[in-house]
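Enquirer: mmCIF, C-alpha atoms, saved as model21.cif, coming up:
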```
data_query
loop_
_atom_site.label_atom_id
_atom_site.label_comp_id
_atom_site.auth_asym_id
_atom_site.auth_seq_id
_atom_site.Cartn_x
_atom_site.Cartn_y
_atom_site.Cartn_z
CA MET A 38 -55.89 28.76 -26.77
CA ALA A 39 -56.59 25.16 -25.68
CA LYS A 40 -54.61 23.93 -22.75
CA LYS A 41 -52.24 21.03 -23.37
CA ASP A 42 -52.86 17.86 -21.37
CA VAL A 43 -49.90 17.78 -19.00
CA THR A 44 -51.15 14.93 -16.83
CA LYS A 45 -49.67 12.16 -18.98
CA PRO A 46 -45.90 11.98 -18.55
CA ILE A 47 -43.77 11.64 -21.66
CA SER A 48 -41.85 8.37 -21.80
CA LEU A 49 -38.11 8.95 -21.72
CA ASP A 50 -37.55 5.66 -23.56
CA PRO A 51 -37.45 6.64 -27.26
CA ARG A 52 -38.76 3.20 -28.19
CA GLY A 53 -41.91 3.63 -26.08
CA GLY A 54 -44.03 0.48 -25.80
CA ARG A 55 -43.87 -2.25 -23.21
CA PRO A 56 -40.45 -3.70 -22.40
CA ARG A 57 -39.83 -7.43 -22.87
CA ASP A 58 -39.03 -9.68 -19.92
CA LYS A 59 -35.28 -9.88 -19.41
CA CYS A 60 -32.80 -12.61 -18.58
CA GLU A 61 -30.48 -10.88 -16.13
CA THR A 62 -26.84 -11.78 -16.63
CA HIS A 63 -25.97 -10.63 -13.07
CA ILE A 64 -22.58 -9.65 -14.48
CA GLU A 65 -21.43 -6.32 -13.03
CA GLY A 66 -22.29 -3.58 -15.52
CA ILE A 67 -23.71 -5.71 -18.33
CA ASP A 68 -27.35 -5.59 -17.27
CA ARG A 69 -27.03 -1.81 -17.10
CA ILE A 70 -25.70 -1.73 -20.67
CA LEU A 71 -28.60 -3.95 -21.77
CA ASN A 72 -31.22 -1.97 -19.87
CA GLY A 73 -31.97 -4.87 -17.54
CA GLY A 74 -30.58 -7.91 -19.34
CA VAL A 75 -30.95 -9.98 -22.50
CA PRO A 76 -34.58 -10.27 -23.65
CA ILE A 77 -35.70 -13.78 -22.75
CA GLY A 78 -35.45 -16.21 -25.68
CA ASN A 79 -32.97 -14.09 -27.63
CA ILE A 80 -30.16 -15.82 -29.45
CA VAL A 81 -27.04 -13.69 -29.09
CA LEU A 82 -23.81 -13.92 -31.03
CA LEU A 83 -20.93 -13.35 -28.62
CA ALA A 84 -18.20 -12.50 -31.09
CA GLY A 85 -14.59 -11.94 -30.26
CA THR A 86 -10.95 -12.51 -30.95
CA VAL A 87 -8.76 -14.99 -29.12
CA GLY A 88 -8.28 -14.14 -25.43
CA SER A 89 -11.02 -11.53 -25.36
CA GLY A 90 -12.96 -13.27 -22.55
CA LYS A 91 -15.86 -14.85 -24.50
CA THR A 92 -15.85 -18.19 -22.71
CA THR A 93 -15.44 -16.59 -19.27
CA LEU A 94 -18.37 -14.26 -19.89
CA ALA A 95 -20.52 -17.10 -21.21
CA MET A 96 -19.66 -19.28 -18.24
CA GLU A 97 -20.45 -16.55 -15.73
CA PHE A 98 -23.76 -15.97 -17.52
CA LEU A 99 -24.60 -19.68 -17.00
CA ILE A 100 -23.28 -19.91 -13.45
CA ASN A 101 -25.22 -16.82 -12.34
CA GLY A 102 -28.35 -18.29 -13.89
CA ALA A 103 -27.75 -21.63 -12.16
CA LYS A 104 -27.23 -19.87 -8.83
CA ALA A 105 -30.60 -18.18 -9.35
CA GLY A 106 -32.20 -21.64 -9.73
CA GLU A 107 -32.31 -21.87 -13.54
CA THR A 108 -31.18 -24.92 -15.49
CA CYS A 109 -28.26 -23.98 -17.69
CA CYS A 110 -26.35 -25.81 -20.35
CA TYR A 111 -22.95 -25.42 -21.99
CA ILE A 112 -22.17 -27.30 -25.20
CA SER A 113 -18.45 -27.54 -25.75
CA VAL A 114 -17.42 -27.90 -29.36
CA THR A 115 -13.75 -27.06 -29.25
CA GLU A 116 -12.46 -28.64 -26.04
CA PRO A 117 -13.32 -31.60 -23.80
CA SER A 118 -15.78 -30.85 -21.00
CA SER A 119 -13.31 -32.27 -18.43
CA LYS A 120 -10.80 -29.58 -19.41
CA MET A 121 -13.53 -26.95 -19.25
CA LEU A 122 -14.50 -28.10 -15.75
CA SER A 123 -10.94 -27.95 -14.49
CA ASN A 124 -10.60 -24.42 -15.92
CA LEU A 125 -13.80 -23.43 -14.14
CA GLN A 126 -12.29 -24.37 -10.76
CA THR A 127 -9.97 -21.39 -11.12
CA TYR A 128 -12.86 -18.89 -11.06
CA GLY A 129 -14.00 -17.55 -7.70
CA PHE A 130 -17.61 -17.36 -8.93
CA PHE A 131 -17.78 -21.09 -9.78
CA ASP A 132 -19.62 -23.42 -7.41
CA GLU A 133 -19.12 -27.15 -8.06
CA SER A 134 -22.41 -28.06 -6.41
CA LEU A 135 -24.24 -26.47 -9.36
CA VAL A 136 -22.94 -29.27 -11.59
CA LYS A 137 -23.81 -31.97 -9.04
CA GLU A 138 -27.34 -30.57 -8.62
CA GLY A 139 -27.87 -30.55 -12.40
CA LYS A 140 -28.26 -26.79 -12.57
CA LEU A 141 -25.14 -26.45 -14.72
CA ASN A 142 -24.86 -29.09 -17.45
CA ILE A 143 -21.79 -29.40 -19.63
CA PHE A 144 -21.89 -31.48 -22.82
CA ASP A 145 -19.25 -32.38 -25.40
CA LEU A 146 -20.44 -32.02 -28.98
CA THR A 147 -18.17 -34.89 -29.99
CA VAL A 148 -20.03 -37.16 -27.55
CA ILE A 149 -23.39 -35.97 -28.93
CA ASN A 150 -22.11 -36.59 -32.47
CA ASP A 151 -20.93 -40.09 -31.55
CA ARG A 152 -24.30 -40.97 -30.05
CA LEU A 153 -26.10 -39.62 -33.10
CA GLY A 154 -23.65 -41.34 -35.41
CA VAL A 155 -23.05 -38.13 -37.34
CA GLU A 156 -19.27 -37.82 -37.00
CA ARG A 157 -17.90 -37.79 -40.57
CA LEU A 158 -14.34 -38.40 -41.58
CA ASP A 159 -14.43 -35.40 -43.91
CA GLY A 160 -15.88 -33.29 -41.08
CA THR A 161 -18.94 -32.13 -43.05
CA TYR A 162 -22.52 -32.62 -41.90
CA THR A 163 -25.13 -33.85 -44.36
CA SER A 164 -28.63 -32.34 -44.15
CA LYS A 165 -29.68 -35.50 -42.28
CA ASP A 166 -26.88 -34.97 -39.76
CA MET A 167 -27.99 -31.36 -39.36
CA GLU A 168 -31.54 -32.46 -38.59
CA ALA A 169 -30.25 -35.02 -36.07
CA LEU A 170 -28.10 -32.41 -34.35
CA LEU A 171 -30.90 -29.85 -34.16
CA GLY A 172 -33.14 -32.60 -32.76
CA ALA A 173 -30.52 -33.43 -30.12
CA PHE A 174 -30.22 -29.78 -29.06
CA GLU A 175 -33.99 -29.51 -28.88
CA ASP A 176 -34.21 -32.67 -26.73
CA ILE A 177 -31.58 -31.35 -24.31
CA VAL A 178 -33.35 -28.00 -23.91
CA ASP A 179 -36.82 -29.54 -23.65
CA GLU A 180 -36.04 -32.49 -21.36
CA LEU A 181 -33.81 -30.61 -18.94
CA GLY A 182 -35.90 -27.43 -19.05
CA VAL A 183 -32.86 -25.36 -20.05
CA THR A 184 -33.40 -21.59 -19.86
CA ARG A 185 -29.80 -20.53 -20.58
CA LEU A 186 -27.68 -22.17 -23.26
CA VAL A 187 -24.18 -21.55 -24.57
CA ILE A 188 -22.69 -23.15 -27.70
CA ASP A 189 -18.92 -22.69 -27.68
CA SER A 190 -18.30 -22.17 -30.49
CA ILE A 191 -20.88 -21.81 -33.26
CA THR A 192 -17.92 -21.13 -35.58
CA ALA A 193 -16.65 -24.68 -35.08
CA VAL A 194 -20.15 -26.03 -35.84
CA CYS A 195 -20.39 -23.81 -38.94
CA TYR A 196 -17.10 -25.20 -40.26
CA GLN A 197 -18.86 -28.57 -40.48
CA LEU A 198 -21.76 -27.21 -42.51
CA PRO A 199 -21.39 -27.40 -46.30
CA ASP A 200 -22.28 -23.83 -47.33
CA ARG A 201 -23.54 -20.41 -46.17
CA GLY A 202 -27.14 -21.36 -46.93
CA SER A 203 -26.88 -24.33 -44.57
CA ILE A 204 -25.36 -22.13 -41.87
CA ARG A 205 -28.20 -19.62 -42.19
CA ASN A 206 -30.77 -22.42 -42.12
CA PHE A 207 -29.14 -24.12 -39.12
CA ILE A 208 -28.96 -20.99 -36.98
CA PHE A 209 -32.44 -19.88 -38.01
CA ARG A 210 -33.95 -23.25 -37.05
CA LEU A 211 -31.95 -23.28 -33.82
CA SER A 212 -33.16 -19.80 -32.87
CA GLN A 213 -36.78 -20.71 -33.70
CA PHE A 214 -37.06 -23.57 -31.24
CA LEU A 215 -34.88 -21.94 -28.57
CA SER A 216 -37.10 -18.88 -28.70
CA THR A 217 -40.19 -21.08 -28.41
CA PHE A 218 -38.74 -22.67 -25.27
CA GLY A 219 -37.83 -19.24 -23.87
CA CYS A 220 -34.19 -20.31 -23.76
CA THR A 221 -31.76 -17.38 -23.85
CA THR A 222 -28.70 -18.44 -25.83
CA LEU A 223 -25.17 -17.25 -26.38
CA LEU A 224 -23.48 -18.49 -29.55
CA ILE A 225 -19.76 -17.94 -29.32
CA SER A 226 -18.23 -16.69 -32.54
CA GLU A 227 -14.48 -16.72 -33.08
CA THR A 228 -13.44 -13.72 -35.10
CA VAL A 229 -10.30 -12.26 -36.58
CA VAL A 230 -9.17 -8.71 -37.17
CA ASP A 231 -8.45 -7.75 -40.75
CA SER A 232 -6.85 -4.35 -41.46
CA ASN A 233 -7.85 -3.09 -37.98
CA THR A 234 -11.49 -4.03 -38.58
CA GLN A 235 -13.08 -6.75 -36.53
CA THR A 236 -15.76 -8.90 -38.12
CA TYR A 237 -18.64 -10.47 -36.20
CA SER A 238 -18.16 -13.95 -37.62
CA ILE A 239 -16.00 -15.98 -39.98
CA PHE A 240 -18.84 -16.79 -42.41
CA GLY A 241 -20.69 -13.47 -42.31
CA VAL A 242 -24.06 -15.15 -41.86
CA GLU A 243 -24.44 -15.72 -38.14
CA GLU A 244 -24.88 -12.04 -37.19
CA ALA A 245 -27.78 -11.56 -39.59
CA VAL A 246 -29.80 -14.39 -38.05
CA ALA A 247 -28.96 -13.70 -34.40
CA ASP A 248 -31.18 -11.41 -32.28
CA GLY A 249 -28.16 -9.79 -30.73
CA VAL A 250 -24.47 -9.22 -31.38
CA VAL A 251 -21.98 -8.52 -28.59
CA LEU A 252 -18.48 -7.75 -29.80
CA MET A 253 -15.48 -8.48 -27.60
CA GLY A 254 -11.91 -7.65 -28.44
CA ASN A 255 -8.47 -6.71 -27.27
CA ILE A 256 -7.36 -3.11 -27.40
CA ILE A 257 -3.72 -2.12 -27.29
CA ARG A 258 -3.03 0.94 -25.16
CA GLN A 259 0.63 1.86 -25.00
CA GLY A 260 1.57 -1.77 -25.39
CA ASP A 261 -0.87 -3.09 -22.77
CA LEU A 262 -3.78 -5.33 -23.77
CA LEU A 263 -7.20 -4.27 -22.52
CA ARG A 264 -10.33 -6.35 -23.02
CA SER A 265 -13.29 -4.53 -24.51
CA LEU A 266 -17.00 -5.21 -24.95
CA GLN A 267 -19.59 -3.48 -27.13
CA VAL A 268 -23.22 -4.34 -27.73
CA VAL A 269 -23.77 -3.88 -31.46
CA LYS A 270 -27.33 -5.15 -31.70
CA MET A 271 -29.95 -6.50 -29.31
CA ARG A 272 -33.51 -6.98 -30.48
CA GLY A 273 -36.20 -6.25 -27.91
CA THR A 274 -34.37 -3.77 -25.70
CA LYS A 275 -32.71 -0.41 -25.92
CA HIS A 276 -29.06 -0.70 -25.07
CA SER A 277 -25.79 1.17 -24.88
CA ARG A 278 -23.64 1.12 -28.01
CA ALA A 279 -20.59 2.54 -26.25
CA ARG A 280 -17.40 0.54 -25.97
CA HIS A 281 -16.64 -0.73 -22.46
CA LEU A 282 -13.67 -2.19 -20.66
CA ILE A 283 -14.23 -5.68 -19.27
CA GLU A 284 -12.07 -7.13 -16.54
CA LEU A 285 -11.94 -10.31 -14.51
CA THR A 286 -12.17 -9.40 -10.81
CA PRO A 287 -12.27 -11.58 -7.68
CA VAL A 288 -16.08 -11.50 -7.82
CA GLY A 289 -16.38 -12.19 -11.53
CA LEU A 290 -16.36 -10.07 -14.65
CA ALA A 291 -17.04 -6.37 -14.38
CA VAL A 292 -17.61 -3.75 -17.03
CA VAL A 293 -16.92 -0.01 -17.01
CA PRO A 294 -17.08 2.55 -19.84
CA LEU A 295 -13.87 2.89 -21.79
CA LEU A 296 -12.25 6.31 -21.80
CA LYS A 297 -12.97 8.06 -25.10
CA TRP A 298 -9.65 9.77 -25.67
CA GLY A 299 -7.88 6.54 -24.91
CA GLN A 300 -9.44 4.89 -27.96
CA ASP A 301 -7.41 6.24 -30.84
CA GLY A 302 -3.79 6.89 -31.62
CA GLY A 303 -1.88 4.51 -29.38
CA GLN A 304 -4.86 2.24 -28.95
CA ALA A 305 -5.75 -0.19 -31.72
CA PHE A 306 -8.12 -3.11 -32.04
CA THR A 307 -6.48 -6.52 -32.28
CA MET B 89 -0.76 26.13 4.89
CA SER B 90 0.53 23.66 7.50
CA ILE B 91 -0.47 20.01 7.25
CA LYS B 92 -2.44 20.43 10.49
CA ASP B 93 -4.48 23.23 8.89
CA THR B 94 -4.90 21.19 5.72
CA ALA B 95 -6.24 18.23 7.72
CA GLN B 96 -8.61 20.53 9.63
CA SER B 97 -9.86 22.03 6.36
CA ILE B 98 -10.56 18.51 5.07
CA ILE B 99 -12.54 17.63 8.21
CA LYS B 100 -14.50 20.86 7.86
CA SER B 101 -15.14 20.10 4.18
CA ILE B 102 -16.51 16.65 5.13
CA ASN B 103 -18.74 18.21 7.80
CA ASP B 104 -19.92 20.83 5.28
CA GLY B 105 -21.19 18.01 3.08
CA ASP B 106 -18.68 18.35 0.23
CA THR B 107 -18.10 15.23 -1.86
CA LEU B 108 -15.07 16.09 -3.97
CA THR B 109 -12.05 18.17 -3.10
CA THR B 110 -8.64 18.77 -4.58
CA VAL B 111 -5.90 18.78 -1.97
CA SER B 112 -2.73 20.53 -3.08
CA LEU B 113 0.43 19.56 -1.19
CA GLY B 114 4.04 20.68 -1.58
CA ALA B 115 6.54 18.25 -3.10
CA GLN B 116 8.96 18.54 -0.16
CA ASN B 117 6.76 16.67 2.36
CA PHE B 118 4.20 15.21 -0.04
CA HIS B 119 4.47 11.57 1.05
CA SER B 120 4.53 12.21 4.80
CA ASP B 121 1.71 14.76 4.50
CA SER B 122 -0.54 12.41 2.55
CA VAL B 123 -0.01 9.72 5.19
CA LYS B 124 -0.81 12.26 7.94
CA ILE B 125 -4.09 13.17 6.23
CA ALA B 126 -5.08 9.50 5.96
CA SER B 127 -4.11 8.98 9.57
CA VAL B 128 -6.27 11.90 10.76
CA LEU B 129 -9.30 10.64 8.80
CA LEU B 130 -8.89 7.11 10.17
CA SER B 131 -8.65 8.50 13.71
CA LYS B 132 -12.06 10.16 13.12
CA LYS B 133 -13.51 6.66 12.48
CA LEU B 134 -13.81 7.06 8.74
CA GLY B 135 -13.24 4.02 6.51
CA GLY B 136 -11.41 4.56 3.29
CA ILE B 137 -9.89 3.53 0.00
CA TYR B 138 -6.38 4.75 -0.71
CA VAL B 139 -5.49 4.83 -4.41
CA THR B 140 -1.76 4.97 -4.90
CA THR B 141 -0.15 5.90 -8.19
CA SER B 142 3.18 7.16 -6.94
CA ARG B 143 4.57 4.50 -4.57
CA PRO B 144 3.77 0.93 -3.50
CA SER B 145 0.91 0.49 -1.03
CA SER B 146 3.18 -1.62 1.21
CA HIS B 147 5.21 1.53 1.95
CA ILE B 148 2.10 3.49 2.84
CA VAL B 149 0.91 0.66 5.11
CA ASN B 150 4.26 0.69 6.91
CA GLU B 151 4.11 4.45 7.44
CA LEU B 152 0.51 4.31 8.66
CA GLU B 153 1.42 1.50 11.05
CA GLU B 154 4.30 3.58 12.38
CA ALA B 155 1.83 6.41 12.91
CA LYS B 156 -0.31 3.90 14.91
CA ALA B 157 -3.28 4.42 12.57
CA ASP B 158 -6.19 1.98 12.74
CA LEU B 159 -6.07 0.16 9.39
CA SER B 160 -9.03 -2.15 9.99
CA ASP B 161 -11.23 -0.31 7.48
CA LEU B 162 -8.67 0.93 4.99
CA TYR B 163 -8.19 -0.66 1.56
CA PHE B 164 -5.85 0.06 -1.32
CA VAL B 165 -5.88 0.26 -5.09
CA ASP B 166 -2.23 -0.03 -6.04
CA LEU B 167 -1.05 0.99 -9.52
CA VAL B 168 2.62 0.75 -8.73
CA SER B 169 3.57 -2.63 -7.23
CA MET B 170 2.79 -4.79 -10.28
CA THR B 171 4.61 -2.41 -12.59
CA VAL B 172 7.81 -2.46 -10.53
CA GLY B 173 7.65 -6.12 -9.45
CA GLY B 174 6.84 -5.38 -5.80
CA THR B 175 4.87 -7.54 -3.38
CA THR B 176 1.28 -8.15 -4.51
CA GLY B 177 -0.14 -10.42 -1.84
CA ASP B 178 -1.79 -8.03 0.61
CA PRO B 179 -5.45 -9.07 1.07
CA ARG B 180 -6.66 -5.51 1.59
CA THR B 181 -5.17 -4.37 -1.72
CA LEU B 182 -6.32 -4.68 -5.32
CA TYR B 183 -3.43 -4.37 -7.72
CA VAL B 184 -3.78 -2.81 -11.16
CA GLU B 185 -1.46 -4.34 -13.76
CA SER B 186 -0.48 -1.12 -15.46
CA PRO B 187 -0.99 2.59 -14.75
CA THR B 188 -2.37 2.97 -18.31
CA MET B 189 -5.41 0.90 -17.28
CA LEU B 190 -7.22 3.90 -15.85
CA GLU B 191 -10.67 2.36 -16.06
CA SER B 192 -9.51 -0.42 -13.71
CA ILE B 193 -9.13 2.17 -10.97
CA LEU B 194 -12.85 2.96 -11.07
CA LEU B 195 -13.71 -0.69 -11.20
CA ASN B 196 -11.52 -1.56 -8.22
CA ILE B 197 -12.79 1.37 -6.16
CA SER B 198 -16.31 0.13 -6.70
CA LEU B 199 -15.31 -3.41 -5.63
CA LEU B 200 -13.58 -2.20 -2.47
CA GLU B 201 -16.44 0.13 -1.61
CA ARG B 202 -18.51 -2.97 -0.82
CA ARG B 203 -15.96 -4.01 1.80
CA LEU B 204 -16.00 -0.74 3.70
CA LYS B 205 -17.70 -1.13 7.07
CA SER B 206 -17.76 2.49 8.23
CA LYS B 207 -20.73 4.70 7.48
CA ARG B 208 -18.48 7.71 6.80
CA ARG B 209 -16.13 6.92 3.96
CA PHE B 210 -13.40 8.50 1.92
CA VAL B 211 -11.37 7.87 -1.20
CA MET B 212 -7.90 9.33 -1.29
CA PHE B 213 -6.32 9.57 -4.73
CA ASP B 214 -2.55 9.87 -4.32
CA SER B 215 -1.84 11.43 -6.73
CA VAL B 216 -3.24 12.89 -9.92
CA ASN B 217 0.30 13.83 -10.95
CA GLY B 218 1.48 10.21 -10.61
CA LEU B 219 -0.76 9.27 -13.52
CA SER B 220 0.53 12.04 -15.77
CA ILE B 221 3.77 10.08 -16.19
CA TYR B 222 1.92 7.43 -18.17
CA SER B 223 -1.07 9.19 -19.74
CA GLU B 224 -1.38 12.10 -22.15
CA PRO B 225 -2.90 15.29 -20.65
CA LYS B 226 -6.16 14.93 -22.61
CA VAL B 227 -6.60 11.31 -21.43
CA LEU B 228 -5.76 12.30 -17.87
CA ARG B 229 -8.27 15.16 -17.90
CA GLU B 230 -10.99 12.88 -19.21
CA PHE B 231 -10.16 10.33 -16.52
CA ILE B 232 -10.25 12.93 -13.74
CA ASN B 233 -13.62 14.10 -14.98
CA VAL B 234 -14.99 10.54 -15.01
CA LEU B 235 -13.41 9.73 -11.64
CA GLY B 236 -14.71 12.91 -10.01
CA ASN B 237 -18.25 12.46 -11.25
CA SER B 238 -18.26 8.79 -10.45
CA MET B 239 -17.23 9.61 -6.87
CA ARG B 240 -19.96 12.22 -6.65
CA ILE B 241 -22.58 9.67 -7.65
CA ARG B 242 -21.28 7.28 -5.01
CA GLU B 243 -21.44 10.02 -2.36
CA ILE B 244 -18.11 9.06 -0.88
CA TYR B 245 -15.94 11.95 0.22
CA SER B 246 -13.10 11.99 -2.30
CA MET B 247 -9.80 13.82 -2.27
CA LEU B 248 -7.69 14.28 -5.38
CA LEU B 249 -4.15 14.90 -4.13
CA THR B 250 -1.90 17.02 -6.32
CA VAL B 251 1.73 18.00 -6.07
CA LYS B 252 1.70 21.81 -6.05
CA GLU B 253 4.94 22.21 -8.04
CA GLN B 254 3.92 19.69 -10.73
CA THR B 255 0.41 20.92 -11.43
CA ASP B 256 0.20 23.18 -14.46
CA GLU B 257 -2.47 25.82 -14.99
CA ASP B 258 -4.58 23.64 -17.31
CA LEU B 259 -4.74 20.71 -14.93
CA GLY B 260 -5.24 23.03 -11.95
CA SER B 261 -8.23 24.77 -13.53
CA ALA B 262 -9.77 21.45 -14.61
CA LEU B 263 -9.51 20.23 -11.01
CA LYS B 264 -10.89 23.50 -9.65
CA LEU B 265 -13.88 23.27 -11.94
CA LEU B 266 -14.57 19.71 -10.91
CA SER B 267 -14.09 20.03 -7.15
CA ASP B 268 -16.29 21.51 -4.44
CA LYS B 269 -13.21 23.00 -2.86
CA VAL B 270 -9.48 23.27 -3.43
CA ILE B 271 -7.60 22.89 -0.14
CA GLY B 272 -4.04 24.05 0.31
CA ASP B 273 -4.07 26.27 -2.77
#
```
Could you write out this structure as structure tokens?

Expert:
Amino acid sequence: MAKKDVTKPISLDPRGGRPRDKCETHIEGIDRILNGGVPIGNIVLLAGTVGSGKTTLAMEFLINGAKAGETCCYISVTEPSSKMLSNLQTYGFFDESLVKEGKLNIFDLTVINDRLGVERLDGTYTSKDMEALLGAFEDIVDELGVTRLVIDSITAVCYQLPDRGSIRNFIFRLSQFLSTFGCTTLLISETVVDSNTQTYSIFGVEEAVADGVVLMGNIIRQGDLLRSLQVVKMRGTKHSRARHLIELTPVGLAVVPLLKWGQDGGQAFT
Amino acid sequence: MSIKDTAQSIIKSINDGDTLTTVSLGAQNFHSDSVKIASVLLSKKLGGIYVTTSRPSSHIVNELEEAKADLSDLYFVDLVSMTVGGTTGDPRTLYVESPTMLESILLNISLLERRLKSKRRFVMFDSVNGLSIYSEPKVLREFINVLGNSMRIREIYSMLLTVKEQTDEDLGSALKLLSDKVIGD
């Protein structure tokens, strides 16, 4: 009987192959869930209900990147950047010098729209407006050398697009050039819960185009609200699909596995 | 078993290289005995994290101060003060909003662990029974399992304190299975 070759170790990673380079979030527990971080250049839908911690997570992702010397950019669609900056002061992990040094850049979409002349009274972008906006995003990423980008929220942008086809096209084009630039992006998606089921987006298109989907939500346990996080999809890396508890601590967000028995009965998704 | 013997057994267990023990104490002197154990460990130059589920950490601090214990490397995870509207400003304490938020305990232990200066460390969980008021037995058992194994991975000597009279057979056997030793049984 021929002897088996036992010199070559079997890979414990069921995917095998060579892992992609990762963009480490440096958020306690999240890089472990993602097996090292978000694959560089991925466009990730960060979907969640109101108060689930989406903006905080996105901001910490940018701030940690900026602290590591990367150029990061936040595009605010739903609130003025001045308000965002004053909210940031309340986080222990925020460092104002990052903004002054140009490592953390915060833009208002309304200002970008004004400059491009695309603000419409009926609130709907034409295809020309869409091209102008994509061009503006591309210029920001290219000229500043942005490696981490957050659009908060993509839902608010999608509301200004005329139909689902335009939304698909917009996100697809966005992801194409961001991926080319190696810019890892979080698109914040505002979701609602319908009959105890949480969707990933309002329009049902964004999740199909994105490379990754991270679902955040509130769980009720005996009347208390707990924030949860679950990675549903992430192209280019193996990852945990378990639901985790996410909490804001003095050193930033931290994630731990959610107890299994605590997830049904008195504990519902909201 | 006297509290002196219990404390000596704990020291022996640490020296034997155990990482997780269940310490069973009688209800009559439970609070004073738990403070005595912490006091003995601190006197042996161990740093520690005291998780309190049964009374506010401020009370434990007062009792330890009265016992002249060195509190310079002792931190608290307090599951009581926020629930009952007690003081929540102590810089060495992390407060958990509600005793149902069991996962927060693990998270806060791991945060405080980074502040410990001593090489020899302990976590004192006072008490497993305190949590049973708020959590169903199956949830509590799962939590104890996660807590115990998470402490093992961290290699910090951990004590799960139980009230002898309140610990039923099911919980007792789950703890026995999980622990290196049961002291005071």

Enquirer: Can you list what the PyMOL selection byres ((chain A and resi 146) around 7) grabs from this structure, as an MDAnalysis selection string?

Expert: chainID A and resid 112:114 144:145 147:150

Enquirer: Output the residue selection produced by the PyMOL selection byres ((chain A and resi 98) around 10) on the file above, formatted as a list in words.

Expert: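 For this structure, the PyMOL selection byres ((chain A and resi 98) around 10) resolves to Cys60, Glu61, Thr62, His63, Ile64, Thr92, Thr93, Leu94, Ala95, Met96, Glu97, Leu99, Ile100, Asn101, Gly102, Ala103, Cys109, Arg185, Leu186, Val187, Thr222, Leu223 and Leu290 of chain A.
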
Enquirer: Tell me, in Å to one decimal, how far atom CA of Val87 of chain A is from atom CA of Ile239 of chain A.

Expert: 13.1 Å

Enquirer: Go through the shown structure with the PyMOL selection byres ((chain A) within 10 of (chain B)) and write out the matching residues as a ChimeraX atom specification.

Expert: /A:65,258-263,281-284,286-288,291-300

Enquirer: Using all atoms listed in the file, which residue out of B:Lys92, B:Arg143, B:Lys264, B:Arg180 lies closest to Gly236 of chain B?

Expert: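 The answer is B:Lys264, which sits nearest to Gly236 of chain B.
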
Enquirer: State, in Å with one decimal place, the distance from atom CA of Leu129 of chain B to atom CA of Ser112 of chain B.

Expert: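 A separation of 16.8 Å between them.
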
Enquirer: Scan for residues within 7 Å of the point (-9.0, 13.1, 3.4) in the coordinates of the file, using only C-alpha atoms, and reply as number ranges by chain.

Expert: B: 98, 125-126, 129, 210, 212, 247

Enquirer: Just the residues within 10 Å of Gly254 of chain A, please, counting all atoms listed in the file, with nothing from its chain fewer than 2 positions along; format it as a VMD selection string.

Expert: chain A and resid 84 to 91 228 to 230 235 252 256 to 257 262 to 267 282 to 283 306 to 307

Enquirer: Missing atoms in segment 177-187 of chain B: can you complete it with N, CA and C atoms, as a PDB file, in the coordinates of the input?

Expert:
```pdb
ATOM      1  N   GLY B 177       0.664  -9.421  -2.537  1.00  0.00           N
ATOM      2  CA  GLY B 177      -0.140 -10.420  -1.840  1.00  0.00           C
ATOM      3  C   GLY B 177      -1.009  -9.879  -0.707  1.00  0.00           C
ATOM      4  N   ASP B 178      -1.037  -8.575  -0.521  1.00  0.00           N
ATOM      5  CA  ASP B 178      -1.790  -8.030   0.610  1.00  0.00           C
ATOM      6  C   ASP B 178      -3.297  -8.167   0.380  1.00  0.00           C
ATOM      7  N   PRO B 179      -4.018  -8.825   1.301  1.00  0.00           N
ATOM      8  CA  PRO B 179      -5.450  -9.070   1.070  1.00  0.00           C
ATOM      9  C   PRO B 179      -6.321  -7.821   1.059  1.00  0.00           C
ATOM     10  N   ARG B 180      -5.815  -6.715   1.593  1.00  0.00           N
ATOM     11  CA  ARG B 180      -6.660  -5.510   1.590  1.00  0.00           C
ATOM     12  C   ARG B 180      -6.369  -4.630   0.358  1.00  0.00           C
ATOM     13  N   THR B 181      -5.568  -5.167  -0.558  1.00  0.00           N
ATOM     14  CA  THR B 181      -5.170  -4.370  -1.720  1.00  0.00           C
ATOM     15  C   THR B 181      -5.576  -5.021  -3.032  1.00  0.00           C
ATOM     16  N   LEU B 182      -6.098  -4.218  -3.957  1.00  0.00           N
ATOM     17  CA  LEU B 182      -6.320  -4.680  -5.320  1.00  0.00           C
ATOM     18  C   LEU B 182      -5.250  -4.034  -6.187  1.00  0.00           C
ATOM     19  N   TYR B 183      -4.560  -4.865  -6.932  1.00  0.00           N
ATOM     20  CA  TYR B 183      -3.430  -4.370  -7.720  1.00  0.00           C
ATOM     21  C   TYR B 183      -3.854  -4.198  -9.183  1.00  0.00           C
ATOM     22  N   VAL B 184      -3.499  -3.061  -9.748  1.00  0.00           N
ATOM     23  CA  VAL B 184      -3.780  -2.810 -11.160  1.00  0.00           C
ATOM     24  C   VAL B 184      -2.488  -3.083 -11.927  1.00  0.00           C
ATOM     25  N   GLU B 185      -2.628  -3.865 -13.006  1.00  0.00           N
ATOM     26  CA  GLU B 185      -1.460  -4.340 -13.760  1.00  0.00           C
ATOM     27  C   GLU B 185      -0.587  -3.219 -14.316  1.00  0.00           C
ATOM     28  N   SER B 186      -1.242  -2.179 -14.805  1.00  0.00           N
ATOM     29  CA  SER B 186      -0.480  -1.120 -15.460  1.00  0.00           C
ATOM     30  C   SER B 186      -1.158   0.228 -15.214  1.00  0.00           C
ATOM     31  N   PRO B 187      -0.378   1.271 -14.998  1.00  0.00           N
ATOM     32  CA  PRO B 187      -0.990   2.590 -14.750  1.00  0.00           C
ATOM     33  C   PRO B 187      -1.725   3.161 -15.970  1.00  0.00           C
TER      34      PRO B 187
END
```
